[in-house]
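First comes the structure, then the notes that go with it.
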Protein chains: 2
Amino acid sequence: MMNEDSAPSDGGLPIAAVERETGISKDLLRMWERRYGFPQPARDAAGDRLYSAAQVGKLKQVRRLMDLGFRPGKLVGQSMAQLEALAQVHTPARVVPDVCAGLIDALSGHDALAVRELLRHRLFELGLRRFVGDFLAVANPLVGEAWMRGELRVYEEHLYSEEVKRVLRETLAGIPAGLQSPRVMLTTCPGEQHLIGLLMVEALLRLAGCDAIAFGTQMPLTDIASAAHKHRVDVVVLSFSASYEASPQTDVAVLDTLLPDGIEVWLGGAGCRGLKRLPARATLLTLDQLDACVSGWRERQPPAIAV
Amino acid sequence: MMNEDSAPSDGGLPIAAVERETGISKDLLRMWERRYGFPQPARDAAGDRLYSAAQVGKLKQVRRLMDLGFRPGKLVGQSMAQLEALAQVHTPARVVPDVCAGLIDALSGHDALAVRELLRHRLFELGLRRFVGDFLAVANPLVGEAWMRGELRVYEEHLYSEEVKRVLRETLAGIPAGLQSPRVMLTTCPGEQHLIGLLMVEALLRLAGCDAIAFGTQMPLTDIASAAHKHRVDVVVLSFSASYEASPQTDVAVLDTLLPDGIEVWLGGAGCRGLKRLPARATLLTLDQLDACVSGWRERQPPAIAV
DNA sequence: GTCAAATACTTGTCCTGTACAAAAATGAAA
DNA sequence: TTTCATTTTTGTACAGGACAAGTATTTGAC
């Protein structure tokens, strides 16, 4: 067991810390070292790895570029400057749509208040449905790309997502809970900590009059199943972000065996791209298909039960 | 690489899924298997482990009891029933204080709306400061203990924390952002996903007129440092829950080397118990010391700058 | 030349087994 | 009873091998 306390002042970060900072597993860090010779961390007295800040920084950059589709073998050999250039080139600044004007500036200006005001302004201007469907649907990837290009720092992206969550929750508080069917529960699978997509769906479901129950993120699959049963929900909504590590495919297959019959599963988010061979009860959908999906569900119900 | 898709329908869960479901690392799962003979998962065609639902359930129960102070060696040999009995005995139902009356019932009644109403009622009855300091400070551990005893399911605890977050955020939205010093940023270290403590602190700071900036959870330490610098904050508040896996000690030590001089670090939460040898800039505090801490900070500032 | 199938390469995760340091428990002395 | 030293327990680190899934590249038919 490495001595965690010896690390900070001097050499660098132990491997567990690097895993948490970069999201790259210990196994993989060791494998890259073996295969590519990078990163080649120093060692402490006990022979445990100690990664320098520079190595951790490069690892983060490599990881970003991998999310863009690059393979690690091509990346690890490059210098930090080359990697940054690569990120620049491959996420060309898109034309910022009018609705998002000023957003990136507000974020990089380190002014939390300005960001919040901007979001609120858009919300009142567009109304909740279009705020979600037109503004957030555009702004979220825009912020992600700006971060890829290095125009935004991690903490600025954190600030953005925190303020979006805040504004959405404030607003949801003002909408009386719908009581119509379908009764929907919202959550994410373990490891998926992105809540924004879930809140966006919740907003639209509330507007459609559905009885939506939010359970937050990261519910173990067995608990999703029993909660769905106990709360007598009709639909389980799961959101998968692009950075979801595990396989939505597997999650859905497991849930299919755990869930009682008659409960549907609706999946959304960038992490669902390329999903196939879904169980019969599962549906893949985008935000703008949600209303249609709710209507469709209502039509499928026996008239006696439908509201 | 195991075939994740073959698992769900038949035998059980692959080791990565069990790690995510139980929070027990792969390394440790294999170590327990070798040392204690439990869990002893089936194997797929490739020789990869496949854990049954029963094994995963027992692992979760073992983990709960370990949080109560039991050692794994004493636990793994016991049957599921014995483990449940143990949990019953060692978390005796406390006398439920009046303020919390009805809470557990509302949660186990699977009525999200009732929970929300109860929380709102307490909030209006007590006011924000006492809601945080008197109600939540009592209710949070109460819910945790009820879960330990098996009186609440995981999803009921999820529901509780989701509704608490919701009510707190609604309320925070109504308090104009304070603009007085100190300027405080709130976040948690990577791996710490509990937000409630942070929201409670934010509420109290806002009431004290502080300029509080919330960054959400799980910021890499390097980003905490640069955000603190760029946003020109005076204090970084970190919250550590009892279930924090990594070492707050190490985190603070690392931050101490990364943060610019003059920025203080305030630590709170159950995860801080037993912390010692803190850097000079770090302070350990509980909720009820927060006001005093803010006053203390203000007094320490040169009069010219103090507000 | 174009498309599709077969082949080769790349990459992530799993495996076994070992080692060791930190934490906890135990026992001895004050 | 408290304090200190010793033993046991426990978690995390290491090395290096294996292999399947995903990706690229070549081959071959049309």
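Following the order of the structure tokens, chains are lettered A, B, ..., residues in each are numbered from 1, and ligands are numbered from 1.
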Which chain D residues have any atom within 10 Å of an atom of chain A, and for each, what is the nearest pair of atoms with distance in Å to one decimal, counting only C-alpha atoms (C1' of nucleotides), rows sorted by chain and number, as CSV?
residue,atom,partner,partner_atom,distance
D:DG11,C1',A:Met1,CA,7.1
D:DT12,C1',A:Met1,CA,4.7
D:DA13,C1',A:Met1,CA,5.4
D:DC14,C1',A:Asp48,CA,7.8
D:DA15,C1',A:Arg30,CA,9.9
D:DG16,C1',A:Arg34,CA,9.8
D:DT23,C1',A:Arg71,CA,9.5
Each residue of chain B with at least one atom at most 8 Å from chain A should appear once, together with its nearest atom pair and the corresponding distance in Å (one decimal); atoms considered: only C-alpha atoms; ordering: chain, then increasing residue number; output as a tab-separated table.
residue	atom	partner	partner_atom	distance
B:Glu4	CA	A:Thr250	CA	6.3
B:Asp5	CA	A:Thr250	CA	5.5
B:Pro8	CA	A:Val254	CA	4.8
B:Ser9	CA	A:Thr257	CA	6.7
B:Arg20	CA	A:Pro190	CA	6.0
B:Glu21	CA	A:Pro220	CA	5.3
B:His110	CA	A:His231	CA	5.7
B:Asp111	CA	A:His231	CA	7.7
B:Ala112	CA	A:Ile213	CA	6.9
B:Arg153	CA	A:Asp223	CA	7.9
B:Val154	CA	A:Asp223	CA	6.5
B:Tyr155	CA	A:Ala227	CA	6.0
B:Glu156	CA	A:Ala227	CA	7.9
B:His158	CA	A:Phe215	CA	5.6
B:Leu159	CA	A:Phe215	CA	5.1
B:Glu162	CA	A:Gly216	CA	5.7
B:Arg166	CA	A:Arg169	CA	6.6
B:Arg169	CA	A:Arg166	CA	6.7
B:Glu170	CA	A:Glu170	CA	5.0
B:Ala173	CA	A:Glu170	CA	6.6
B:Pro190	CA	A:Arg20	CA	6.0
B:Gly191	CA	A:Arg20	CA	6.8
B:Ile213	CA	A:Ala112	CA	6.9
B:Ala214	CA	A:Glu162	CA	7.2
B:Phe215	CA	A:Leu159	CA	5.2
B:Gly216	CA	A:Glu162	CA	5.7
B:Met219	CA	A:Tyr155	CA	7.3
B:Pro220	CA	A:Glu21	CA	5.3
B:Leu221	CA	A:Glu21	CA	7.5
B:Asp223	CA	A:Tyr155	CA	6.0
B:Ile224	CA	A:Tyr155	CA	7.2
B:Ala227	CA	A:Tyr155	CA	6.0
B:Lys230	CA	A:His110	CA	6.9
B:His231	CA	A:His110	CA	5.7
B:Gln249	CA	A:Asp5	CA	7.4
B:Thr250	CA	A:Asp5	CA	5.5
B:Ala253	CA	A:Pro8	CA	6.1
B:Val254	CA	A:Pro8	CA	4.8
B:Thr257	CA	A:Ser9	CA	6.6
Ordered Cα pairing of chain B with chain A, RMSD after least-squares superposition: 0.1 Å
Region 101-138 of chain B: residues DSSP assigns to helix (DSSP H, G or I), reported as a PyMOL selection string: chain B and resi 103-108+112-126+128-138
Write a file of the just-selected residues containing N, CA, C and O atoms, as a short mmCIF file (atom, residue, chain, number, x, y, z; two decimals), in the first residue's frame.
data_model
loop_
_atom_site.label_atom_id
_atom_site.label_comp_id
_atom_site.auth_asym_id
_atom_site.auth_seq_id
_atom_site.Cartn_x
_atom_site.Cartn_y
_atom_site.Cartn_z
N LEU B 103 -41.12 11.30 8.74
CA LEU B 103 -40.22 11.30 7.58
C LEU B 103 -40.00 9.89 7.04
O LEU B 103 -40.18 9.63 5.84
N ILE B 104 -39.61 8.99 7.94
CA ILE B 104 -39.32 7.62 7.50
C ILE B 104 -40.58 6.98 6.89
O ILE B 104 -40.50 6.29 5.86
N ASP B 105 -41.72 7.24 7.50
CA ASP B 105 -42.96 6.68 6.97
C ASP B 105 -43.24 7.19 5.56
O ASP B 105 -43.61 6.44 4.67
N ALA B 106 -43.05 8.48 5.38
CA ALA B 106 -43.30 9.07 4.06
C ALA B 106 -42.40 8.42 3.03
O ALA B 106 -42.82 8.12 1.90
N LEU B 107 -41.14 8.18 3.43
CA LEU B 107 -40.20 7.59 2.48
C LEU B 107 -40.58 6.16 2.14
O LEU B 107 -40.58 5.77 0.97
N SER B 108 -40.90 5.39 3.17
CA SER B 108 -41.19 3.98 2.89
C SER B 108 -42.58 3.81 2.30
O SER B 108 -42.93 2.72 1.85
N ALA B 112 -43.39 10.16 -3.34
CA ALA B 112 -42.42 11.24 -3.54
C ALA B 112 -43.01 12.58 -3.14
O ALA B 112 -42.34 13.42 -2.53
N LEU B 113 -44.27 12.76 -3.46
CA LEU B 113 -44.93 14.04 -3.21
C LEU B 113 -45.04 14.32 -1.71
O LEU B 113 -44.80 15.44 -1.25
N ALA B 114 -45.37 13.28 -0.95
CA ALA B 114 -45.51 13.44 0.49
C ALA B 114 -44.17 13.85 1.11
O ALA B 114 -44.12 14.69 2.01
N VAL B 115 -43.09 13.26 0.62
CA VAL B 115 -41.77 13.60 1.12
C VAL B 115 -41.48 15.07 0.86
O VAL B 115 -41.04 15.82 1.74
N ARG B 116 -41.76 15.48 -0.36
CA ARG B 116 -41.48 16.87 -0.72
C ARG B 116 -42.29 17.83 0.15
O ARG B 116 -41.78 18.84 0.62
N GLU B 117 -43.56 17.49 0.34
CA GLU B 117 -44.43 18.35 1.15
C GLU B 117 -43.92 18.45 2.57
O GLU B 117 -43.91 19.51 3.18
N LEU B 118 -43.49 17.30 3.11
CA LEU B 118 -42.99 17.29 4.47
C LEU B 118 -41.76 18.19 4.60
O LEU B 118 -41.64 18.98 5.54
N LEU B 119 -40.86 18.07 3.64
CA LEU B 119 -39.66 18.89 3.70
C LEU B 119 -40.01 20.37 3.60
O LEU B 119 -39.51 21.20 4.36
N ARG B 120 -40.90 20.70 2.67
CA ARG B 120 -41.28 22.11 2.51
C ARG B 120 -41.93 22.64 3.78
O ARG B 120 -41.69 23.77 4.20
N HIS B 121 -42.75 21.79 4.37
CA HIS B 121 -43.44 22.19 5.59
C HIS B 121 -42.44 22.54 6.68
O HIS B 121 -42.53 23.59 7.33
N ARG B 122 -41.47 21.66 6.86
CA ARG B 122 -40.45 21.92 7.88
C ARG B 122 -39.68 23.20 7.57
O ARG B 122 -39.36 23.97 8.45
N LEU B 123 -39.39 23.39 6.32
CA LEU B 123 -38.62 24.56 5.91
C LEU B 123 -39.36 25.85 6.29
O LEU B 123 -38.79 26.76 6.89
N PHE B 124 -40.65 25.90 5.97
CA PHE B 124 -41.41 27.12 6.25
C PHE B 124 -41.63 27.29 7.74
O PHE B 124 -41.66 28.39 8.27
N GLU B 125 -41.75 26.14 8.42
CA GLU B 125 -41.98 26.18 9.85
C GLU B 125 -40.75 26.69 10.60
O GLU B 125 -40.85 27.50 11.51
N LEU B 126 -39.58 26.19 10.20
CA LEU B 126 -38.36 26.46 10.96
C LEU B 126 -37.55 27.63 10.43
O LEU B 126 -36.76 28.22 11.17
N LEU B 128 -34.90 28.81 7.11
CA LEU B 128 -33.82 28.11 6.44
C LEU B 128 -32.69 27.71 7.39
O LEU B 128 -32.21 26.59 7.37
N ARG B 129 -32.32 28.62 8.26
CA ARG B 129 -31.17 28.33 9.12
C ARG B 129 -31.44 27.13 10.02
O ARG B 129 -30.62 26.22 10.13
N ARG B 130 -32.61 27.12 10.62
CA ARG B 130 -32.91 26.00 11.52
C ARG B 130 -33.27 24.75 10.73
O ARG B 130 -33.06 23.63 11.20
N PHE B 131 -33.81 24.92 9.53
CA PHE B 131 -34.07 23.77 8.67
C PHE B 131 -32.77 23.02 8.42
O PHE B 131 -32.69 21.79 8.51
N VAL B 132 -31.73 23.78 8.13
CA VAL B 132 -30.43 23.16 7.88
C VAL B 132 -29.79 22.68 9.18
O VAL B 132 -29.39 21.52 9.29
N GLY B 133 -29.73 23.56 10.16
CA GLY B 133 -28.99 23.24 11.37
C GLY B 133 -29.68 22.28 12.31
O GLY B 133 -29.04 21.46 12.97
N ASP B 134 -31.00 22.36 12.38
CA ASP B 134 -31.73 21.51 13.32
C ASP B 134 -32.39 20.32 12.65
O ASP B 134 -32.34 19.21 13.16
N PHE B 135 -33.01 20.56 11.50
CA PHE B 135 -33.74 19.46 10.87
C PHE B 135 -32.82 18.55 10.05
O PHE B 135 -32.65 17.37 10.36
N LEU B 136 -32.20 19.08 9.03
CA LEU B 136 -31.37 18.24 8.16
C LEU B 136 -30.23 17.58 8.92
O LEU B 136 -29.91 16.41 8.69
N ALA B 137 -29.63 18.34 9.83
CA ALA B 137 -28.50 17.79 10.58
C ALA B 137 -28.93 16.56 11.38
O ALA B 137 -28.11 15.70 11.69
N VAL B 138 -30.22 16.47 11.72
CA VAL B 138 -30.72 15.31 12.43
C VAL B 138 -31.27 14.27 11.45
O VAL B 138 -31.05 13.06 11.60
#
Report the closest atom pair, with its distance in Å rounded to one decimal, for each residue of chain C that has an atom no farther than 9 Å from chain A; count only C-alpha atoms (C1' of nucleotides), sort by chain and then rising residue number, and write it as a Markdown table.
| residue | atom | partner | partner_atom | distance |
| --- | --- | --- | --- | --- |
| C:DT10 | C1' | A:Gly73 | CA | 8.0 |
| C:DT11 | C1' | A:Pro72 | CA | 8.4 |
| C:DG12 | C1' | A:Leu28 | CA | 7.0 |
| C:DT13 | C1' | A:Asp27 | CA | 7.9 |
| C:DC20 | C1' | A:Met1 | CA | 6.5 |
| C:DA21 | C1' | A:Met1 | CA | 5.1 |
| C:DA22 | C1' | A:Met1 | CA | 7.4 |
Keeping N, CA and C atoms (P, O5', C5', C4', C3', O3' and C1' of nucleotides) for every residue in the selection just given, could you write it to a file as a PDB file, in the first residue's frame?
ATOM      1  P    DT C  10      -0.177  -2.207 -34.496  1.00  0.00           P
ATOM      2  O5'  DT C  10      -1.458  -1.799 -33.635  1.00  0.00           O
ATOM      3  C5'  DT C  10      -2.521  -1.100 -34.266  1.00  0.00           C
ATOM      4  C4'  DT C  10      -3.614  -0.813 -33.272  1.00  0.00           C
ATOM      5  C3'  DT C  10      -3.152  -0.335 -31.899  1.00  0.00           C
ATOM      6  O3'  DT C  10      -3.920   0.797 -31.591  1.00  0.00           O
ATOM      7  C1'  DT C  10      -4.628  -2.170 -31.666  1.00  0.00           C
ATOM      8  P    DT C  11      -3.602   1.761 -30.396  1.00  0.00           P
ATOM      9  O5'  DT C  11      -4.500   1.126 -29.256  1.00  0.00           O
ATOM     10  C5'  DT C  11      -5.927   1.171 -29.415  1.00  0.00           C
ATOM     11  C4'  DT C  11      -6.597   0.326 -28.371  1.00  0.00           C
ATOM     12  C3'  DT C  11      -6.144   0.587 -26.936  1.00  0.00           C
ATOM     13  O3'  DT C  11      -7.271   1.042 -26.244  1.00  0.00           O
ATOM     14  C1'  DT C  11      -6.428  -1.711 -27.354  1.00  0.00           C
ATOM     15  P    DG C  12      -7.099   1.864 -24.867  1.00  0.00           P
ATOM     16  O5'  DG C  12      -8.003   0.947 -23.928  1.00  0.00           O
ATOM     17  C5'  DG C  12      -9.349   0.745 -24.303  1.00  0.00           C
ATOM     18  C4'  DG C  12      -9.921  -0.426 -23.562  1.00  0.00           C
ATOM     19  C3'  DG C  12      -9.765  -0.354 -22.044  1.00  0.00           C
ATOM     20  O3'  DG C  12     -11.039  -0.616 -21.475  1.00  0.00           O
ATOM     21  C1'  DG C  12      -8.873  -2.401 -22.874  1.00  0.00           C
ATOM     22  P    DT C  13     -11.227  -0.508 -19.897  1.00  0.00           P
ATOM     23  O5'  DT C  13     -11.245  -2.036 -19.447  1.00  0.00           O
ATOM     24  C5'  DT C  13     -12.186  -2.890 -20.045  1.00  0.00           C
ATOM     25  C4'  DT C  13     -11.875  -4.315 -19.684  1.00  0.00           C
ATOM     26  C3'  DT C  13     -11.734  -4.552 -18.172  1.00  0.00           C
ATOM     27  O3'  DT C  13     -12.586  -5.618 -17.845  1.00  0.00           O
ATOM     28  C1'  DT C  13      -9.939  -5.522 -19.338  1.00  0.00           C
ATOM     29  P    DC C  20       8.397  -7.034   0.100  1.00  0.00           P
ATOM     30  O5'  DC C  20       7.516  -5.870   0.740  1.00  0.00           O
ATOM     31  C5'  DC C  20       7.087  -4.797  -0.098  1.00  0.00           C
ATOM     32  C4'  DC C  20       5.943  -4.084   0.556  1.00  0.00           C
ATOM     33  C3'  DC C  20       6.156  -3.841   2.062  1.00  0.00           C
ATOM     34  O3'  DC C  20       5.781  -2.528   2.321  1.00  0.00           O
ATOM     35  C1'  DC C  20       4.053  -4.745   1.678  1.00  0.00           C
ATOM     36  P    DA C  21       6.754  -1.605   3.226  1.00  0.00           P
ATOM     37  O5'  DA C  21       5.746  -0.437   3.618  1.00  0.00           O
ATOM     38  C5'  DA C  21       5.021   0.234   2.583  1.00  0.00           C
ATOM     39  C4'  DA C  21       3.651   0.620   3.108  1.00  0.00           C
ATOM     40  C3'  DA C  21       3.658   1.211   4.511  1.00  0.00           C
ATOM     41  O3'  DA C  21       2.630   2.157   4.570  1.00  0.00           O
ATOM     42  C1'  DA C  21       2.332  -0.716   4.503  1.00  0.00           C
ATOM     43  P    DA C  22       2.693   3.376   5.540  1.00  0.00           P
ATOM     44  O5'  DA C  22       1.191   3.448   6.065  1.00  0.00           O
ATOM     45  C5'  DA C  22       0.126   3.508   5.122  1.00  0.00           C
ATOM     46  C4'  DA C  22      -1.119   2.954   5.760  1.00  0.00           C
ATOM     47  C3'  DA C  22      -1.416   3.525   7.145  1.00  0.00           C
ATOM     48  O3'  DA C  22      -2.747   3.973   7.123  1.00  0.00           O
ATOM     49  C1'  DA C  22      -1.443   1.138   7.189  1.00  0.00           C
TER      50       DA C  22
END
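We find CA of Trp266 (chain A) and CA of Val237 (chain A) to be spaced 4.8 Å apart.
Taking CA of His194 (chain A) and CA of Arg206 (chain A) as endpoints, the distance between them is 19.7 Å.
We find CA of Val235 (chain A) and CA of Pro182 (chain A) to be spaced 6.9 Å apart.
Non-sequential neighbours of DA5 (chain C) (distance at most 10 Å, separation of 2 or more positions within a chain, only C-alpha atoms (C1' of nucleotides)) are DC3 and DT7 of chain C; DT27, DG28 and DA29 of chain D.
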Grab the residues selected above and save them as a PDB file, in the first residue's frame with C-alpha atoms (C1' of nucleotides).
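That gives us selection_14.pdb:
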ATOM      1  C1'  DC C   3     -17.488  -2.894 -52.530  1.00  0.00           C
ATOM      2  C1'  DT C   7      -6.850 -10.824 -42.165  1.00  0.00           C
TER       3       DT C   7
ATOM      4  C1'  DT D  27      -7.317  -9.202 -50.612  1.00  0.00           C
ATOM      5  C1'  DG D  28     -10.472 -10.806 -53.956  1.00  0.00           C
ATOM      6  C1'  DA D  29     -14.740 -10.759 -56.690  1.00  0.00           C
TER       7       DA D  29
END
Backbone DSSP call of strand (DSSP E) for region 96-296 of chain A, listed as a ChimeraX atom specification: /A:180-187,210-214,235-239,264-268,282-284
Near-Gln61 (chain B) list (10 Å; only C-alpha atoms (C1' of nucleotides); drop same-chain fewer than 6 positions) as a PyMOL selection string: chain B and resi 22+55+75-76+80+83-84+87+148+150
